[in-house]
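Have a look at coords.cif below; it lists mmCIF, C-alpha atoms.
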data_final
#
loop_
_atom_site.group_PDB
_atom_site.id
_atom_site.type_symbol
_atom_site.label_atom_id
_atom_site.label_comp_id
_atom_site.auth_asym_id
_atom_site.auth_seq_id
_atom_site.Cartn_x
_atom_site.Cartn_y
_atom_site.Cartn_z
ATOM 1 C CA MET C 16 -10.178 -11.732 13.952
ATOM 2 C CA GLU C 17 -9.549 -11.323 17.698
ATOM 3 C CA ASN C 18 -7.477 -14.517 17.832
ATOM 4 C CA SER C 19 -5.311 -13.635 14.834
ATOM 5 C CA LEU C 20 -1.580 -13.574 15.466
ATOM 6 C CA LEU C 21 -1.191 -10.547 13.199
ATOM 7 C CA TRP C 22 -2.261 -7.240 14.681
ATOM 8 C CA VAL C 23 -3.276 -5.902 11.258
ATOM 9 C CA GLU C 24 -5.941 -8.625 11.197
ATOM 10 C CA ARG C 25 -6.809 -8.611 14.886
ATOM 11 C CA TYR C 26 -7.521 -4.879 14.863
ATOM 12 C CA ARG C 27 -8.903 -4.526 11.339
ATOM 13 C CA PRO C 28 -11.914 -2.135 11.439
ATOM 14 C CA SER C 29 -15.270 -3.635 10.491
ATOM 15 C CA THR C 30 -17.170 -0.420 9.651
ATOM 16 C CA ILE C 31 -16.409 2.703 7.628
ATOM 17 C CA ASP C 32 -16.738 4.831 10.781
ATOM 18 C CA ASP C 33 -13.998 2.814 12.485
ATOM 19 C CA CYS C 34 -11.555 3.272 9.591
ATOM 20 C CA ILE C 35 -8.909 6.002 9.856
ATOM 21 C CA LEU C 36 -9.861 8.132 6.859
ATOM 22 C CA SER C 37 -10.512 11.755 6.052
ATOM 23 C CA ASP C 38 -14.100 12.935 6.554
ATOM 24 C CA THR C 39 -14.293 13.628 2.821
ATOM 25 C CA ILE C 40 -13.532 10.002 1.933
ATOM 26 C CA LYS C 41 -15.814 8.614 4.655
ATOM 27 C CA ASN C 42 -18.753 10.695 3.451
ATOM 28 C CA THR C 43 -18.153 9.623 -0.143
ATOM 29 C CA LEU C 44 -18.109 5.953 0.860
ATOM 30 C CA LYS C 45 -21.277 6.275 2.943
ATOM 31 C CA ASP C 46 -23.092 7.946 0.045
ATOM 32 C CA LEU C 47 -22.076 5.114 -2.291
ATOM 33 C CA VAL C 48 -23.667 2.441 -0.084
ATOM 34 C CA LYS C 49 -26.501 4.459 1.468
ATOM 35 C CA ASP C 50 -29.145 2.244 -0.172
ATOM 36 C CA ASN C 51 -27.437 -0.842 1.329
ATOM 37 C CA THR C 52 -26.189 -2.115 -2.025
ATOM 38 C CA VAL C 53 -22.643 -2.173 -3.362
ATOM 39 C CA PRO C 54 -21.942 -0.606 -6.772
ATOM 40 C CA ASN C 55 -18.845 -1.420 -8.811
ATOM 41 C CA LEU C 56 -16.004 0.442 -7.120
ATOM 42 C CA MET C 57 -12.326 1.180 -7.651
ATOM 43 C CA PHE C 58 -10.260 2.169 -4.602
ATOM 44 C CA THR C 59 -6.952 3.788 -5.440
ATOM 45 C CA GLY C 60 -4.194 5.263 -3.303
ATOM 46 C CA PRO C 61 -0.931 4.521 -1.472
ATOM 47 C CA ALA C 62 -0.202 1.172 0.162
ATOM 48 C CA GLY C 63 -1.502 0.572 3.664
ATOM 49 C CA VAL C 64 -4.174 3.295 3.786
ATOM 50 C CA GLY C 65 -7.086 0.880 4.243
ATOM 51 C CA LYS C 66 -8.456 0.182 0.756
ATOM 52 C CA THR C 67 -8.970 -3.548 1.308
ATOM 53 C CA THR C 68 -10.196 -2.950 4.849
ATOM 54 C CA VAL C 69 -12.859 -0.555 3.576
ATOM 55 C CA ALA C 70 -13.882 -3.006 0.849
ATOM 56 C CA ARG C 71 -14.412 -5.723 3.441
ATOM 57 C CA ALA C 72 -16.203 -3.329 5.799
ATOM 58 C CA ILE C 73 -18.625 -2.313 3.046
ATOM 59 C CA CYS C 74 -19.448 -5.961 2.406
ATOM 60 C CA ASP C 75 -20.032 -6.583 6.115
ATOM 61 C CA MET C 76 -22.171 -3.441 6.471
ATOM 62 C CA THR C 77 -24.357 -4.385 3.495
ATOM 63 C CA ASN C 78 -24.527 -8.053 4.516
ATOM 64 C CA SER C 79 -22.985 -9.102 1.204
ATOM 65 C CA ASP C 80 -21.310 -12.418 0.437
ATOM 66 C CA TYR C 81 -17.820 -11.723 -0.857
ATOM 67 C CA ILE C 82 -14.546 -13.278 -1.915
ATOM 68 C CA ILE C 83 -11.113 -11.684 -2.190
ATOM 69 C CA ILE C 84 -8.958 -12.430 -5.228
ATOM 70 C CA ASN C 85 -5.269 -11.504 -5.326
ATOM 71 C CA GLY C 86 -4.850 -9.684 -8.627
ATOM 72 C CA SER C 87 -1.059 -9.861 -8.447
ATOM 73 C CA ASP C 88 -1.035 -13.672 -8.659
ATOM 74 C CA GLU C 89 -0.452 -13.474 -12.397
ATOM 75 C CA GLY C 90 0.290 -17.146 -12.990
ATOM 76 C CA ARG C 91 -3.008 -18.415 -11.559
ATOM 77 C CA MET C 92 -5.327 -15.470 -12.258
ATOM 78 C CA ILE C 93 -6.849 -16.768 -15.504
ATOM 79 C CA ASP C 94 -7.519 -20.177 -13.920
ATOM 80 C CA THR C 95 -9.101 -18.386 -10.956
ATOM 81 C CA LEU C 96 -11.402 -16.493 -13.314
ATOM 82 C CA ARG C 97 -12.474 -19.715 -15.011
ATOM 83 C CA THR C 98 -13.112 -21.677 -11.823
ATOM 84 C CA LYS C 99 -13.418 -19.954 -8.459
ATOM 85 C CA MET C 100 -14.851 -16.644 -9.691
ATOM 86 C CA THR C 101 -17.235 -18.208 -12.196
ATOM 87 C CA GLN C 102 -18.618 -20.543 -9.551
ATOM 88 C CA PHE C 103 -19.006 -17.723 -7.017
ATOM 89 C CA CYS C 104 -20.579 -15.214 -9.408
ATOM 90 C CA SER C 105 -23.034 -17.615 -11.017
ATOM 91 C CA THR C 106 -24.717 -18.731 -7.788
ATOM 92 C CA ILE C 107 -27.285 -16.919 -5.673
ATOM 93 C CA SER C 108 -26.201 -15.354 -2.389
ATOM 94 C CA LEU C 109 -27.267 -17.303 0.699
ATOM 95 C CA LYS C 110 -27.824 -13.958 2.416
ATOM 96 C CA GLY C 111 -30.297 -12.882 -0.229
ATOM 97 C CA GLY C 112 -28.380 -9.841 -1.457
ATOM 98 C CA ARG C 113 -25.771 -9.132 -4.099
ATOM 99 C CA LYS C 114 -22.427 -10.854 -4.132
ATOM 100 C CA VAL C 115 -19.166 -8.911 -4.196
ATOM 101 C CA VAL C 116 -15.807 -9.846 -5.707
ATOM 102 C CA ILE C 117 -12.873 -7.882 -4.265
ATOM 103 C CA ILE C 118 -9.921 -7.832 -6.688
ATOM 104 C CA ASP C 119 -6.975 -6.860 -4.502
ATOM 105 C CA GLU C 120 -3.881 -5.280 -6.126
ATOM 106 C CA ALA C 121 -5.732 -5.171 -9.434
ATOM 107 C CA ASP C 122 -3.082 -2.891 -10.964
ATOM 108 C CA TYR C 123 -0.644 -5.831 -11.019
ATOM 109 C CA SER C 124 -2.913 -7.974 -13.195
ATOM 110 C CA ASN C 125 -2.113 -8.270 -16.896
ATOM 111 C CA PRO C 126 -3.775 -5.446 -18.886
ATOM 112 C CA ASP C 127 -3.728 -7.535 -22.075
ATOM 113 C CA SER C 128 -5.353 -10.716 -20.795
ATOM 114 C CA VAL C 129 -6.637 -10.639 -17.204
ATOM 115 C CA GLN C 130 -8.120 -7.139 -17.158
ATOM 116 C CA PRO C 131 -10.161 -7.541 -20.378
ATOM 117 C CA ALA C 132 -11.475 -10.811 -18.961
ATOM 118 C CA LEU C 133 -12.488 -9.008 -15.762
ATOM 119 C CA ARG C 134 -14.343 -6.431 -17.842
ATOM 120 C CA GLY C 135 -16.295 -9.312 -19.355
ATOM 121 C CA PHE C 136 -17.097 -10.663 -15.876
ATOM 122 C CA ILE C 137 -18.476 -7.285 -14.785
ATOM 123 C CA GLU C 138 -20.903 -7.319 -17.708
ATOM 124 C CA LYS C 139 -21.808 -11.007 -17.561
ATOM 125 C CA PHE C 140 -22.683 -11.080 -13.864
ATOM 126 C CA ALA C 141 -24.011 -7.516 -13.510
ATOM 127 C CA GLU C 142 -27.385 -8.658 -12.157
ATOM 128 C CA ASN C 143 -25.901 -10.803 -9.406
ATOM 129 C CA CYS C 144 -22.444 -9.427 -8.581
ATOM 130 C CA SER C 145 -20.592 -6.225 -7.868
ATOM 131 C CA PHE C 146 -16.832 -5.771 -8.125
ATOM 132 C CA ILE C 147 -14.447 -3.773 -5.963
ATOM 133 C CA PHE C 148 -10.959 -3.193 -7.348
ATOM 134 C CA THR C 149 -8.114 -1.967 -5.128
ATOM 135 C CA CYS C 150 -4.944 -0.541 -6.623
ATOM 136 C CA ASN C 151 -1.965 1.685 -5.893
ATOM 137 C CA TYR C 152 -1.664 2.919 -9.489
ATOM 138 C CA LYS C 153 -4.991 3.440 -11.244
ATOM 139 C CA ASN C 154 -3.274 4.290 -14.538
ATOM 140 C CA ARG C 155 -2.284 0.615 -14.798
ATOM 141 C CA ILE C 156 -5.924 -0.433 -15.056
ATOM 142 C CA ILE C 157 -7.569 -0.321 -18.480
ATOM 143 C CA GLU C 158 -10.131 2.385 -19.218
ATOM 144 C CA PRO C 159 -13.100 0.005 -19.770
ATOM 145 C CA ILE C 160 -12.837 -1.047 -16.108
ATOM 146 C CA HIS C 161 -12.537 2.588 -14.992
ATOM 147 C CA SER C 162 -15.709 3.467 -16.854
ATOM 148 C CA ARG C 163 -17.650 0.689 -15.133
ATOM 149 C CA CYS C 164 -16.657 1.727 -11.596
ATOM 150 C CA ALA C 165 -17.051 4.625 -9.203
ATOM 151 C CA VAL C 166 -13.447 5.620 -8.432
ATOM 152 C CA VAL C 167 -12.536 6.632 -4.872
ATOM 153 C CA ASP C 168 -9.077 8.110 -4.279
ATOM 154 C CA PHE C 169 -7.808 7.319 -0.768
ATOM 155 C CA THR C 170 -5.127 10.018 -0.900
ATOM 156 C CA SER C 171 -5.878 12.292 2.055
ATOM 157 C CA PRO C 172 -6.059 16.062 1.502
ATOM 158 C CA LYS C 173 -2.925 17.769 2.816
ATOM 159 C CA GLU C 174 -4.835 19.901 5.299
ATOM 160 C CA GLU C 175 -6.438 16.813 6.883
ATOM 161 C CA LYS C 176 -3.242 14.786 7.341
ATOM 162 C CA PRO C 177 -2.360 16.076 10.865
ATOM 163 C CA GLU C 178 -5.837 15.199 12.162
ATOM 164 C CA ILE C 179 -5.731 11.757 10.527
ATOM 165 C CA ALA C 180 -2.284 11.095 12.011
ATOM 166 C CA MET C 181 -3.562 12.088 15.467
ATOM 167 C CA HIS C 182 -6.546 9.726 15.153
ATOM 168 C CA PHE C 183 -4.193 6.929 14.176
ATOM 169 C CA LEU C 184 -1.873 7.757 17.090
ATOM 170 C CA ASN C 185 -4.813 7.316 19.466
ATOM 171 C CA ARG C 186 -5.757 4.041 17.754
ATOM 172 C CA CYS C 187 -2.196 2.757 18.169
ATOM 173 C CA GLY C 188 -2.349 3.627 21.856
ATOM 174 C CA GLU C 189 -5.542 1.606 22.217
ATOM 175 C CA MET C 190 -3.935 -1.399 20.511
ATOM 176 C CA LEU C 191 -0.813 -1.245 22.673
ATOM 177 C CA ASN C 192 -2.840 -0.867 25.872
ATOM 178 C CA ASN C 193 -4.921 -3.879 24.860
ATOM 179 C CA GLU C 194 -1.722 -5.871 24.275
ATOM 180 C CA ASN C 195 -0.296 -4.742 27.656
ATOM 181 C CA VAL C 196 2.650 -3.028 25.973
ATOM 182 C CA THR C 197 4.061 0.074 27.645
ATOM 183 C CA TYR C 198 5.102 2.826 25.262
ATOM 184 C CA GLU C 199 6.259 6.398 24.897
ATOM 185 C CA LYS C 200 3.839 8.466 22.870
ATOM 186 C CA ASN C 201 6.544 10.480 21.112
ATOM 187 C CA VAL C 202 8.130 7.250 19.818
ATOM 188 C CA ILE C 203 4.828 6.112 18.315
ATOM 189 C CA ALA C 204 4.406 9.560 16.767
ATOM 190 C CA ALA C 205 7.878 9.303 15.193
ATOM 191 C CA LEU C 206 7.012 5.920 13.720
ATOM 192 C CA ILE C 207 3.760 7.238 12.251
ATOM 193 C CA ASN C 208 5.525 10.302 10.874
ATOM 194 C CA LYS C 209 8.090 8.112 9.119
ATOM 195 C CA HIS C 210 5.647 5.743 7.407
ATOM 196 C CA PHE C 211 2.511 7.920 7.006
ATOM 197 C CA PRO C 212 0.109 7.167 5.341
ATOM 198 C CA ASP C 213 1.038 3.455 5.400
ATOM 199 C CA PHE C 214 -0.896 2.447 8.524
ATOM 200 C CA ARG C 215 -0.404 -1.266 7.849
ATOM 201 C CA ARG C 216 3.368 -0.775 7.961
ATOM 202 C CA VAL C 217 3.108 1.123 11.255
ATOM 203 C CA ILE C 218 1.026 -1.615 12.880
ATOM 204 C CA ASN C 219 3.438 -4.307 11.696
ATOM 205 C CA GLU C 220 6.373 -2.295 13.063
ATOM 206 C CA LEU C 221 4.611 -1.810 16.394
ATOM 207 C CA GLN C 222 4.049 -5.541 16.697
ATOM 208 C CA ARG C 223 7.698 -6.190 15.882
ATOM 209 C CA TYR C 224 9.008 -3.654 18.397
ATOM 210 C CA SER C 225 6.581 -4.769 21.115
ATOM 211 C CA THR C 226 8.053 -8.243 21.597
ATOM 212 C CA SER C 227 9.934 -7.019 24.696
ATOM 213 C CA GLY C 228 6.724 -5.623 26.168
ATOM 214 C CA GLU C 229 7.929 -2.030 25.902
ATOM 215 C CA ILE C 230 8.344 0.565 23.161
ATOM 216 C CA ASN C 231 10.615 3.396 24.225
ATOM 217 C CA ALA C 232 13.163 5.889 22.910
ATOM 218 C CA GLY C 233 15.664 3.070 22.376
ATOM 219 C CA ILE C 234 14.095 2.283 18.995
ATOM 220 C CA LEU C 235 14.266 5.864 17.714
ATOM 221 C CA ALA C 236 17.613 5.127 16.112
ATOM 222 C CA ASN C 237 15.902 2.435 14.042
ATOM 223 C CA ILE C 238 13.128 4.718 12.787
ATOM 224 C CA GLY C 239 15.141 7.839 12.112
ATOM 225 C CA GLU C 240 15.517 9.514 8.743
ATOM 226 C CA LEU C 241 17.741 8.041 6.072
ATOM 227 C CA ASN C 242 21.370 9.136 6.376
ATOM 228 C CA LEU C 243 21.908 9.990 2.738
ATOM 229 C CA ASP C 244 25.284 11.634 3.345
ATOM 230 C CA GLN C 245 26.810 8.211 3.985
ATOM 231 C CA LEU C 246 25.328 6.870 0.773
ATOM 232 C CA MET C 247 26.469 9.841 -1.309
ATOM 233 C CA SER C 248 30.019 9.443 0.030
ATOM 234 C CA ALA C 249 30.016 5.791 -0.978
ATOM 235 C CA LEU C 250 28.735 6.608 -4.451
ATOM 236 C CA ARG C 251 31.256 9.409 -4.940
ATOM 237 C CA GLU C 252 34.119 7.127 -3.891
ATOM 238 C CA LYS C 253 32.676 4.203 -5.889
ATOM 239 C CA ASN C 254 32.851 2.146 -2.714
ATOM 240 C CA PHE C 255 30.613 -0.848 -3.353
ATOM 241 C CA GLN C 256 31.036 -2.338 0.139
ATOM 242 C CA ASN C 257 29.893 0.823 1.942
ATOM 243 C CA MET C 258 27.066 1.342 -0.527
ATOM 244 C CA ARG C 259 25.771 -2.188 -0.025
ATOM 245 C CA LYS C 260 26.078 -1.832 3.738
ATOM 246 C CA TRP C 261 23.947 1.334 3.581
ATOM 247 C CA VAL C 262 21.299 -0.475 1.529
ATOM 248 C CA THR C 263 21.197 -3.373 3.984
ATOM 249 C CA ASN C 264 20.848 -1.020 6.958
ATOM 250 C CA ASN C 265 17.955 0.810 5.297
ATOM 251 C CA SER C 266 16.177 -2.130 3.697
ATOM 252 C CA ASP C 267 13.113 -1.747 5.931
ATOM 253 C CA ASN C 268 12.197 1.613 4.383
ATOM 254 C CA ASP C 269 9.520 2.038 1.750
ATOM 255 C CA PRO C 270 11.203 1.675 -1.679
ATOM 256 C CA ALA C 271 9.262 4.545 -3.268
ATOM 257 C CA SER C 272 10.358 6.862 -0.448
ATOM 258 C CA VAL C 273 14.001 5.780 -0.767
ATOM 259 C CA TYR C 274 14.117 6.458 -4.509
ATOM 260 C CA ARG C 275 12.443 9.831 -4.018
ATOM 261 C CA LYS C 276 14.923 10.936 -1.363
ATOM 262 C CA ILE C 277 17.894 9.793 -3.429
ATOM 263 C CA TYR C 278 16.471 11.735 -6.369
ATOM 264 C CA ASP C 279 16.150 14.898 -4.262
ATOM 265 C CA LYS C 280 19.662 14.534 -2.840
ATOM 266 C CA LEU C 281 21.423 13.920 -6.155
ATOM 267 C CA TYR C 282 20.848 17.498 -7.257
ATOM 268 C CA GLU C 283 23.292 18.554 -4.549
ATOM 269 C CA VAL C 284 26.080 16.103 -5.359
ATOM 270 C CA LEU C 285 26.032 15.577 -9.129
ATOM 271 C CA ALA C 286 27.549 17.555 -11.962
ATOM 272 C CA LYS C 287 24.737 19.292 -13.855
ATOM 273 C CA SER C 288 25.520 17.319 -16.996
ATOM 274 C CA SER C 289 24.848 14.046 -15.134
ATOM 275 C CA ILE C 290 21.469 14.982 -13.691
ATOM 276 C CA PRO C 291 19.338 13.934 -16.719
ATOM 277 C CA GLN C 292 20.969 10.498 -16.835
ATOM 278 C CA ALA C 293 20.523 10.077 -13.076
ATOM 279 C CA VAL C 294 16.824 10.923 -13.325
ATOM 280 C CA LEU C 295 16.325 8.318 -16.054
ATOM 281 C CA ILE C 296 18.157 5.670 -14.025
ATOM 282 C CA ILE C 297 16.138 6.338 -10.875
ATOM 283 C CA ALA C 298 12.848 6.399 -12.774
ATOM 284 C CA ASP C 299 13.669 3.046 -14.382
ATOM 285 C CA TYR C 300 14.493 1.285 -11.119
ATOM 286 C CA GLN C 301 11.636 2.879 -9.207
ATOM 287 C CA TYR C 302 9.275 1.461 -11.821
ATOM 288 C CA LYS C 303 10.932 -1.964 -11.565
ATOM 289 C CA SER C 304 10.556 -1.908 -7.764
ATOM 290 C CA ALA C 305 6.826 -2.531 -8.188
ATOM 291 C CA PHE C 306 7.514 -5.937 -9.740
ATOM 292 C CA VAL C 307 10.846 -7.311 -8.469
ATOM 293 C CA ALA C 308 11.108 -10.155 -5.965
ATOM 294 C CA ASP C 309 14.069 -8.646 -4.072
ATOM 295 C CA GLN C 310 13.966 -4.891 -3.404
ATOM 296 C CA GLU C 311 17.500 -4.852 -1.995
ATOM 297 C CA ILE C 312 19.042 -6.242 -5.173
ATOM 298 C CA ASN C 313 17.032 -3.803 -7.280
ATOM 299 C CA LEU C 314 18.223 -0.803 -5.241
ATOM 300 C CA VAL C 315 21.845 -1.986 -5.310
ATOM 301 C CA ALA C 316 21.632 -2.349 -9.097
ATOM 302 C CA CYS C 317 20.288 1.204 -9.355
ATOM 303 C CA LEU C 318 23.110 2.615 -7.224
ATOM 304 C CA ILE C 319 25.759 0.695 -9.195
ATOM 305 C CA GLU C 320 24.448 2.273 -12.391
ATOM 306 C CA LEU C 321 24.514 5.725 -10.784
ATOM 307 C CA MET C 322 28.123 5.159 -9.733
ATOM 308 C CA ALA C 323 29.109 4.028 -13.220
ATOM 309 C CA GLU C 324 27.195 6.535 -15.338
ATOM 310 C CA CYS C 325 27.182 9.773 -13.307
ATOM 311 C CA GLU C 326 29.822 12.340 -12.348
ATOM 312 C CA PHE C 327 29.837 13.313 -8.677
ATOM 313 C CA VAL C 328 31.242 16.650 -7.440
#

Represent the structure of the file as structure tokens.
Amino acid sequence: MENSLLWVERYRPSTIDDCILSDTIKNTLKDLVKDNTVPNLMFTGPAGVGKTTVARAICDMTNSDYIIINGSDEGRMIDTLRTKMTQFCSTISLKGGRKVVIIDEADYSNPDSVQPALRGFIEKFAENCSFIFTCNYKNRIIEPIHSRCAVVDFTSPKEEKPEIAMHFLNRCGEMLNNENVTYEKNVIAALINKHFPDFRRVINELQRYSTSGEINAGILANIGELNLDQLMSALREKNFQNMRKWVTNNSDNDPASVYRKIYDKLYEVLAKSSIPQAVLIIADYQYKSAFVADQEINLVACLIELMAECEFV
């Protein structure tokens, strides 16, 4: 992938040792493939932590033929099962080993149609194929698939997060040096701190900020914490224009993080009688954010409902 335009592809690790993971997770993964075969696996955890990267690395390390299927492509998934996956799973590997099907974003596949069909595939092609499922929310995947897989949670233990962040900081420095981009280490650290553990997001942001050939303190204003006071003032005053402006200015933040911080802040600015309604509203729109095409519109709709239904103090 050295010639890839995207840094996330150009610098994608090819072995488990090269991945930025906790030692606990690395050791678990090595134990699972120690006999050089791939069992059925389910990788779960936050976005951008390396689940798909590890799946691909395992296939490379075990010399396995593999394909990657996008589980979130709901409209074409059943046709993919009937054609592409059937053809791949029913033929012998040219490398002589087992084949592997990586189902990416499996938690977005339909639990009433696609997932039961995948369960059938696991059983039908058990002698020839292994399956690796990646997901952010394992509770969205039906139990029969859980029971057929070894589940690995990519959520890093709290005590290991500083060390992992430091390893990733060093990796970012190596990437930037290789790209001949000058940088200030504290700026990179601030970017990692904002988006941790979403390493993919950090790398994409680094590539975006590096277009001038330099990453310095001038971008700190862009990666600072959310200014929720401005938003709360707009909601209290029922000022749609200012609210929408705030959403636009903060649209590059992770939606789950935004909803969480709004939730935490509302306890300070709402009448106690309005808090239960606010929690229900936020929970509803946070859930919808996993499926909507436009995150900005979804967040604006949530804030409009908060303005209309809740009493601010």

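Of the residues under consideration (C:Ser145, C:Asp309, C:Val328, C:Lys303), C:Val328 shows the shortest atom-to-atom contact distance to Lys287 of chain C when counting only C-alpha atoms.
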
Expand the PyMOL selection byres ((chain C and resi 230) around 9) into the individual residues it matches in the shown file, reporting them as an mmCIF file with C-alpha atoms, keeping the file's coordinate frame.
data_model
loop_
_atom_site.group_PDB
_atom_site.id
_atom_site.type_symbol
_atom_site.label_atom_id
_atom_site.label_comp_id
_atom_site.auth_asym_id
_atom_site.auth_seq_id
_atom_site.Cartn_x
_atom_site.Cartn_y
_atom_site.Cartn_z
ATOM 1 C CA VAL C 196 2.650 -3.028 25.973
ATOM 2 C CA THR C 197 4.061 0.074 27.645
ATOM 3 C CA TYR C 198 5.102 2.826 25.262
ATOM 4 C CA GLU C 199 6.259 6.398 24.897
ATOM 5 C CA VAL C 202 8.130 7.250 19.818
ATOM 6 C CA ILE C 203 4.828 6.112 18.315
ATOM 7 C CA LEU C 221 4.611 -1.810 16.394
ATOM 8 C CA TYR C 224 9.008 -3.654 18.397
ATOM 9 C CA SER C 225 6.581 -4.769 21.115
ATOM 10 C CA THR C 226 8.053 -8.243 21.597
ATOM 11 C CA SER C 227 9.934 -7.019 24.696
ATOM 12 C CA GLY C 228 6.724 -5.623 26.168
ATOM 13 C CA GLU C 229 7.929 -2.030 25.902
ATOM 14 C CA ASN C 231 10.615 3.396 24.225
ATOM 15 C CA ALA C 232 13.163 5.889 22.910
ATOM 16 C CA GLY C 233 15.664 3.070 22.376
ATOM 17 C CA ILE C 234 14.095 2.283 18.995
#

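Interatomic distance, atom CA of Met57 of chain C to atom CA of Arg134 of chain C: 12.9 Å.
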
Name the residues that the PyMOL selection byres ((chain C and resi 169-179) around 8) picks from the file above, as a list in words, using the file's chain letters and numbers.
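Answer for the PyMOL selection byres ((chain C and resi 169-179) around 8): Ile35, Leu36, Ser37, Ile40, Phe58, Thr59, Gly60, Pro61, Val64, Lys66, Val167, Asp168, Ala180, Met181, His182 and Phe183 of chain C.
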
Can you work out which one of C:Leu206, C:Leu96, C:Ala271, C:Ala305 has the shortest atom-to-atom distance to Val129 of chain C, counting only C-alpha atoms?
C:Leu96

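Nearest residue to Trp261 of chain C among C:Thr106, C:Tyr300, C:Cys325, C:Val315 is C:Val315, counting all atoms listed in the file.
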
Would you kindly translate the PyMOL selection byres ((chain C and resi 314) around 10) into the concrete residues it picks from this file, as a ChimeraX atom specification?
/C:259,262,266,270,273-274,297,300-301,303-304,309-313,315-320

Export, as a compact mmCIF listing (two decimals), in the frame of the given file, the selected residues with C-alpha atoms.
# COMPACT_ATOMS: atom_id res chain seq x y z
CA ARG C 259 25.77 -2.19 -0.02
CA VAL C 262 21.30 -0.48 1.53
CA SER C 266 16.18 -2.13 3.70
CA PRO C 270 11.20 1.68 -1.68
CA VAL C 273 14.00 5.78 -0.77
CA TYR C 274 14.12 6.46 -4.51
CA ILE C 297 16.14 6.34 -10.88
CA TYR C 300 14.49 1.28 -11.12
CA GLN C 301 11.64 2.88 -9.21
CA LYS C 303 10.93 -1.96 -11.56
CA SER C 304 10.56 -1.91 -7.76
CA ASP C 309 14.07 -8.65 -4.07
CA GLN C 310 13.97 -4.89 -3.40
CA GLU C 311 17.50 -4.85 -2.00
CA ILE C 312 19.04 -6.24 -5.17
CA ASN C 313 17.03 -3.80 -7.28
CA VAL C 315 21.84 -1.99 -5.31
CA ALA C 316 21.63 -2.35 -9.10
CA CYS C 317 20.29 1.20 -9.36
CA LEU C 318 23.11 2.62 -7.22
CA ILE C 319 25.76 0.70 -9.20
CA GLU C 320 24.45 2.27 -12.39

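With atom CA of Ile117 of chain C on one side and atom CA of Ala70 of chain C on the other, the separation reads 7.1 Å.
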
Provide the atom CA of Leu281 of chain C to atom CA of Leu246 of chain C distance in Å, to one decimal place.
10.6 Å

Please supply segment 245-258 of chain C, rebuilt with N, CA and C atoms, as a PDB file, in the frame of the given file.
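For reference, out.pdb as written:
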ATOM      1  N   GLN C 245      25.978   9.416   4.050  1.00  0.00           N
ATOM      2  CA  GLN C 245      26.810   8.211   3.985  1.00  0.00           C
ATOM      3  C   GLN C 245      26.717   7.557   2.616  1.00  0.00           C
ATOM      4  N   LEU C 246      25.512   7.485   2.085  1.00  0.00           N
ATOM      5  CA  LEU C 246      25.328   6.870   0.773  1.00  0.00           C
ATOM      6  C   LEU C 246      26.029   7.682  -0.310  1.00  0.00           C
ATOM      7  N   MET C 247      25.857   9.004  -0.277  1.00  0.00           N
ATOM      8  CA  MET C 247      26.469   9.841  -1.309  1.00  0.00           C
ATOM      9  C   MET C 247      27.997   9.733  -1.279  1.00  0.00           C
ATOM     10  N   SER C 248      28.562   9.613  -0.085  1.00  0.00           N
ATOM     11  CA  SER C 248      30.019   9.443   0.030  1.00  0.00           C
ATOM     12  C   SER C 248      30.455   8.135  -0.616  1.00  0.00           C
ATOM     13  N   ALA C 249      29.687   7.090  -0.388  1.00  0.00           N
ATOM     14  CA  ALA C 249      30.016   5.791  -0.978  1.00  0.00           C
ATOM     15  C   ALA C 249      29.913   5.827  -2.491  1.00  0.00           C
ATOM     16  N   LEU C 250      28.899   6.515  -3.005  1.00  0.00           N
ATOM     17  CA  LEU C 250      28.735   6.608  -4.451  1.00  0.00           C
ATOM     18  C   LEU C 250      29.861   7.444  -5.066  1.00  0.00           C
ATOM     19  N   ARG C 251      30.195   8.537  -4.427  1.00  0.00           N
ATOM     20  CA  ARG C 251      31.256   9.409  -4.940  1.00  0.00           C
ATOM     21  C   ARG C 251      32.589   8.677  -5.005  1.00  0.00           C
ATOM     22  N   GLU C 252      32.851   7.863  -3.967  1.00  0.00           N
ATOM     23  CA  GLU C 252      34.119   7.127  -3.891  1.00  0.00           C
ATOM     24  C   GLU C 252      34.060   5.793  -4.629  1.00  0.00           C
ATOM     25  N   LYS C 253      32.898   5.487  -5.208  1.00  0.00           N
ATOM     26  CA  LYS C 253      32.676   4.203  -5.889  1.00  0.00           C
ATOM     27  C   LYS C 253      33.024   3.026  -4.978  1.00  0.00           C
ATOM     28  N   ASN C 254      32.576   3.147  -3.743  1.00  0.00           N
ATOM     29  CA  ASN C 254      32.851   2.146  -2.714  1.00  0.00           C
ATOM     30  C   ASN C 254      31.644   1.208  -2.616  1.00  0.00           C
ATOM     31  N   PHE C 255      31.739   0.077  -3.302  1.00  0.00           N
ATOM     32  CA  PHE C 255      30.613  -0.848  -3.353  1.00  0.00           C
ATOM     33  C   PHE C 255      30.267  -1.400  -1.968  1.00  0.00           C
ATOM     34  N   GLN C 256      31.279  -1.733  -1.174  1.00  0.00           N
ATOM     35  CA  GLN C 256      31.036  -2.338   0.139  1.00  0.00           C
ATOM     36  C   GLN C 256      30.219  -1.407   1.032  1.00  0.00           C
ATOM     37  N   ASN C 257      30.614  -0.128   1.101  1.00  0.00           N
ATOM     38  CA  ASN C 257      29.893   0.823   1.942  1.00  0.00           C
ATOM     39  C   ASN C 257      28.489   1.094   1.400  1.00  0.00           C
ATOM     40  N   MET C 258      28.380   1.133   0.075  1.00  0.00           N
ATOM     41  CA  MET C 258      27.066   1.342  -0.527  1.00  0.00           C
ATOM     42  C   MET C 258      26.132   0.199  -0.186  1.00  0.00           C
TER      43      MET C 258
END
